[in-house]
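A.B. asks: Provided below: model30.txt, containing compact mmCIF, C-alpha atoms.
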```txt
# COMPACT_ATOMS: atom_id res chain seq x y z
CA MET A 1 0.00 0.00 0.00
CA VAL A 2 0.91 3.61 -0.51
CA GLN A 3 2.16 5.76 2.31
CA ALA A 4 0.11 8.94 2.13
CA SER A 5 -1.02 11.60 4.58
CA GLY A 6 1.11 10.02 7.26
CA GLU A 7 -1.13 6.95 7.49
CA ARG A 8 -0.62 3.74 5.62
CA GLY A 9 -3.16 3.30 2.85
CA VAL A 10 -5.13 6.47 3.60
CA VAL A 11 -5.33 8.86 0.68
CA THR A 12 -6.82 12.32 0.96
CA VAL A 13 -8.82 13.09 -2.18
CA LEU A 14 -10.18 16.45 -3.27
CA LEU A 15 -13.11 16.09 -5.66
CA VAL A 16 -13.80 19.27 -7.62
CA GLU A 17 -17.28 18.68 -8.99
CA ASP A 18 -20.40 20.81 -9.28
CA ASP A 19 -22.83 18.03 -10.21
CA ALA A 20 -24.42 16.65 -7.03
CA GLY A 21 -25.23 13.35 -8.76
CA ASP A 22 -21.61 12.80 -9.75
CA VAL A 23 -20.48 13.67 -6.22
CA LEU A 24 -22.91 11.09 -4.82
CA MET A 25 -21.78 8.42 -7.29
CA THR A 26 -18.12 9.12 -6.50
CA ARG A 27 -18.80 8.84 -2.76
CA GLU A 28 -20.68 5.58 -3.29
CA ALA A 29 -17.92 4.16 -5.46
CA LEU A 30 -15.29 4.91 -2.82
CA ASP A 31 -17.52 3.67 0.01
CA GLU A 32 -18.32 0.42 -1.80
CA HIS A 33 -14.62 -0.08 -2.46
CA HIS A 34 -14.07 -0.01 1.32
CA VAL A 35 -10.99 2.15 1.09
CA ALA A 36 -10.17 4.42 3.99
CA ASN A 37 -9.85 7.52 1.83
CA ARG A 38 -10.71 10.95 3.08
CA LEU A 39 -12.89 12.64 0.47
CA TYR A 40 -13.35 16.40 0.41
CA VAL A 41 -15.62 18.07 -2.12
CA VAL A 42 -15.75 21.58 -3.52
CA ALA A 43 -18.21 22.68 -6.18
CA ASP A 44 -16.34 25.33 -8.17
CA GLY A 45 -12.91 26.31 -9.40
CA GLU A 46 -12.38 29.20 -7.00
CA ALA A 47 -13.24 27.01 -4.01
CA ALA A 48 -10.79 24.39 -5.31
CA LEU A 49 -7.92 26.88 -5.34
CA GLU A 50 -8.91 28.24 -1.91
CA PHE A 51 -8.92 24.67 -0.55
CA LEU A 52 -5.55 23.86 -2.10
CA ARG A 53 -4.02 27.15 -0.94
CA LYS A 54 -5.67 26.88 2.51
CA GLN A 55 -7.40 30.25 2.12
CA GLY A 56 -10.66 31.65 3.49
CA THR A 57 -12.93 29.02 5.00
CA HIS A 58 -10.42 26.34 3.95
CA GLY A 59 -7.63 27.58 6.21
CA SER A 60 -7.31 24.22 7.97
CA ALA A 61 -7.84 22.06 4.88
CA PRO A 62 -5.48 19.13 4.43
CA THR A 63 -3.20 18.96 1.42
CA PRO A 64 -4.78 16.32 -0.80
CA ASP A 65 -2.82 13.38 -2.13
CA LEU A 66 -4.99 13.38 -5.26
CA VAL A 67 -7.32 15.80 -7.02
CA LEU A 68 -10.22 14.59 -9.17
CA LEU A 69 -11.09 17.57 -11.34
CA ASP A 70 -14.09 18.20 -13.56
CA LEU A 71 -13.48 20.56 -16.48
CA ASN A 72 -16.91 22.17 -16.58
CA LEU A 73 -17.02 24.21 -13.40
CA PRO A 74 -18.53 27.53 -12.36
CA ARG A 75 -16.39 30.57 -11.41
CA LEU A 76 -13.12 29.10 -12.73
CA SER A 77 -13.00 26.30 -15.28
CA GLY A 78 -11.20 23.04 -14.67
CA ARG A 79 -8.57 24.13 -17.18
CA GLU A 80 -7.93 27.31 -15.18
CA VAL A 81 -7.68 25.31 -11.96
CA LEU A 82 -5.32 22.80 -13.57
CA ALA A 83 -3.11 25.60 -14.92
CA ALA A 84 -2.99 27.28 -11.50
CA VAL A 85 -2.19 24.03 -9.66
CA LYS A 86 0.53 22.90 -12.05
CA GLY A 87 1.96 26.42 -12.22
CA ASP A 88 2.32 26.71 -8.45
CA PRO A 89 5.50 25.04 -7.10
CA ALA A 90 3.76 24.37 -3.78
CA LEU A 91 0.94 22.44 -5.50
CA ALA A 92 2.44 21.11 -8.72
CA ARG A 93 3.37 17.70 -7.28
CA ILE A 94 -0.22 16.85 -6.39
CA PRO A 95 -1.52 14.38 -8.98
CA VAL A 96 -4.55 15.73 -10.84
CA VAL A 97 -6.89 13.39 -12.66
CA VAL A 98 -9.29 15.16 -14.99
CA LEU A 99 -12.60 13.33 -14.58
CA THR A 100 -15.10 14.87 -16.98
CA THR A 101 -17.92 14.15 -19.41
CA SER A 102 -15.99 15.62 -22.33
CA ASP A 103 -14.29 13.26 -24.73
CA ALA A 104 -13.30 16.10 -27.09
CA ASP A 105 -9.75 15.82 -28.39
CA ASP A 106 -9.19 19.53 -27.67
CA ASP A 107 -9.99 19.01 -23.98
CA VAL A 108 -7.74 15.95 -23.76
CA LEU A 109 -4.83 17.73 -25.45
CA ALA A 110 -5.29 20.92 -23.41
CA SER A 111 -5.42 18.96 -20.15
CA TYR A 112 -2.23 17.05 -20.88
CA SER A 113 -0.57 20.27 -22.10
CA LEU A 114 -1.39 21.72 -18.69
CA HIS A 115 0.27 18.65 -17.10
CA ALA A 116 -2.76 16.64 -15.98
CA ASN A 117 -1.60 13.29 -14.64
CA ALA A 118 -4.49 11.49 -16.32
CA TYR A 119 -7.64 12.22 -18.31
CA VAL A 120 -10.71 10.05 -17.76
CA THR A 121 -14.06 10.45 -19.48
CA LYS A 122 -16.98 9.85 -17.12
CA PRO A 123 -19.23 7.04 -18.27
CA VAL A 124 -22.94 7.85 -18.29
CA ASP A 125 -23.92 4.43 -16.90
CA PHE A 126 -23.88 4.27 -13.08
CA ASP A 127 -22.14 0.88 -12.84
CA GLN A 128 -19.48 1.91 -15.34
CA PHE A 129 -18.97 5.23 -13.53
CA VAL A 130 -18.50 3.41 -10.22
CA ASP A 131 -16.05 1.02 -11.89
CA VAL A 132 -14.00 3.90 -13.33
CA VAL A 133 -13.80 5.68 -9.95
CA ARG A 134 -12.78 2.42 -8.27
CA LYS A 135 -10.02 1.89 -10.84
CA ILE A 136 -8.69 5.41 -10.34
CA ASP A 137 -8.79 4.90 -6.58
CA ASP A 138 -7.16 1.47 -6.82
CA PHE A 139 -4.38 2.81 -9.02
CA PHE A 140 -3.54 5.72 -6.74
CA VAL A 141 -3.91 3.71 -3.51
CA SER A 142 -2.39 0.37 -4.47
CA VAL A 143 -0.09 0.93 -7.43
CA VAL A 144 1.32 4.45 -7.44
CA ARG A 145 3.74 5.84 -4.91
CA LEU A 146 2.53 9.34 -4.18
CA PRO A 147 4.99 12.13 -3.47
CA PRO A 148 5.80 12.78 0.20
CA ARG A 149 4.87 16.13 1.65
```
Would it be possible to restate this file's structure as structure tokens?
C.D. replies:
Amino acid sequence: MVQASGERGVVTVLLVEDDAGDVLMTREALDEHHVANRLYVVADGEAALEFLRKQGTHGSAPTPDLVLLDLNLPRLSGREVLAAVKGDPALARIPVVVLTTSDADDDVLASYSLHANAYVTKPVDFDQFVDVVRKIDDFFVSVVRLPPR
């Protein structure tokens, strides 16, 4: 297992998602997978950057081990959040997985150009969505060694 957040096998995940249904499905997928992750959720791009920078109401937020980022967000787009995260030396090491409904080549290319660690298109089907989230979780919990803080 991965050593993250100072506890063996515990990964702190920040989900940046404005769709309540997708938040619920992500929670269910992680809960059903029985992994001791800590999931935090913010619903827009500005809140994501405040969380990551520990600003405003997020002053005591933990530094996530992984960010799951939707592209279609209010206030700041996922692309803007990704550019800010990967352009900030204090945040750039945090793996960011773009998890979005878009399968447009332009979005894929732009995300990787902004140094996304992975790009995953959300399946519409609930069971497939749960399976995709489980695979992402499994990869980052069981396979990948995350950077130390």
A.B. asks: Show me the residues close to (-8.7, 25.3, -3.4) - anything with an atom within 12 Å, counting all atoms listed in the file - and format the list as a count of residues only.
C.D. replies: 38
A.B. asks: Let me make sure I understand: among A:Thr101, A:Ser142, A:Ser77, A:Asn72, which one has the smallest atom-to-atom distance to Val10 (chain A) if we use all atoms listed in the file?
C.D. replies: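 Once distances to Val10 (chain A) are computed over all atoms listed in the file, the minimum belongs to A:Ser142.
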A.B. asks: If I take CA of Thr12 (chain A) and CA of Lys122 (chain A), how far is one from the other in Å, to one decimal?
C.D. replies: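 Going from CA of Thr12 (chain A) over to CA of Lys122 (chain A), I get 20.9 Å.
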A.B. asks: Which of these residues is nearest to Leu99 (chain A), using only C-alpha atoms: A:Phe139, A:Asp131, A:Leu114, A:Glu17?
C.D. replies: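 Among A:Phe139, A:Asp131, A:Leu114, A:Glu17, it is A:Glu17 that comes nearest to Leu99 (chain A).
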A.B. asks: Just give me the gap between CA of Ala83 (chain A) and CA of Thr100 (chain A) in Å, one decimal is fine.
C.D. replies: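 Taking CA of Ala83 (chain A) and CA of Thr100 (chain A), their separation equals 16.2 Å.
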A.B. asks: Quote the spacing between CA of Asp138 (chain A) and CA of Ala29 (chain A) in Å to one decimal place.
C.D. replies: 11.2 Å
A.B. asks: So, with only C-alpha atoms as the atoms that count, which of A:Asp107, A:Arg145, A:Tyr112, A:Val133 lies closest to Leu24 (chain A)?
C.D. replies: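 That would be A:Val133, the residue with the smallest distance to Leu24 (chain A).
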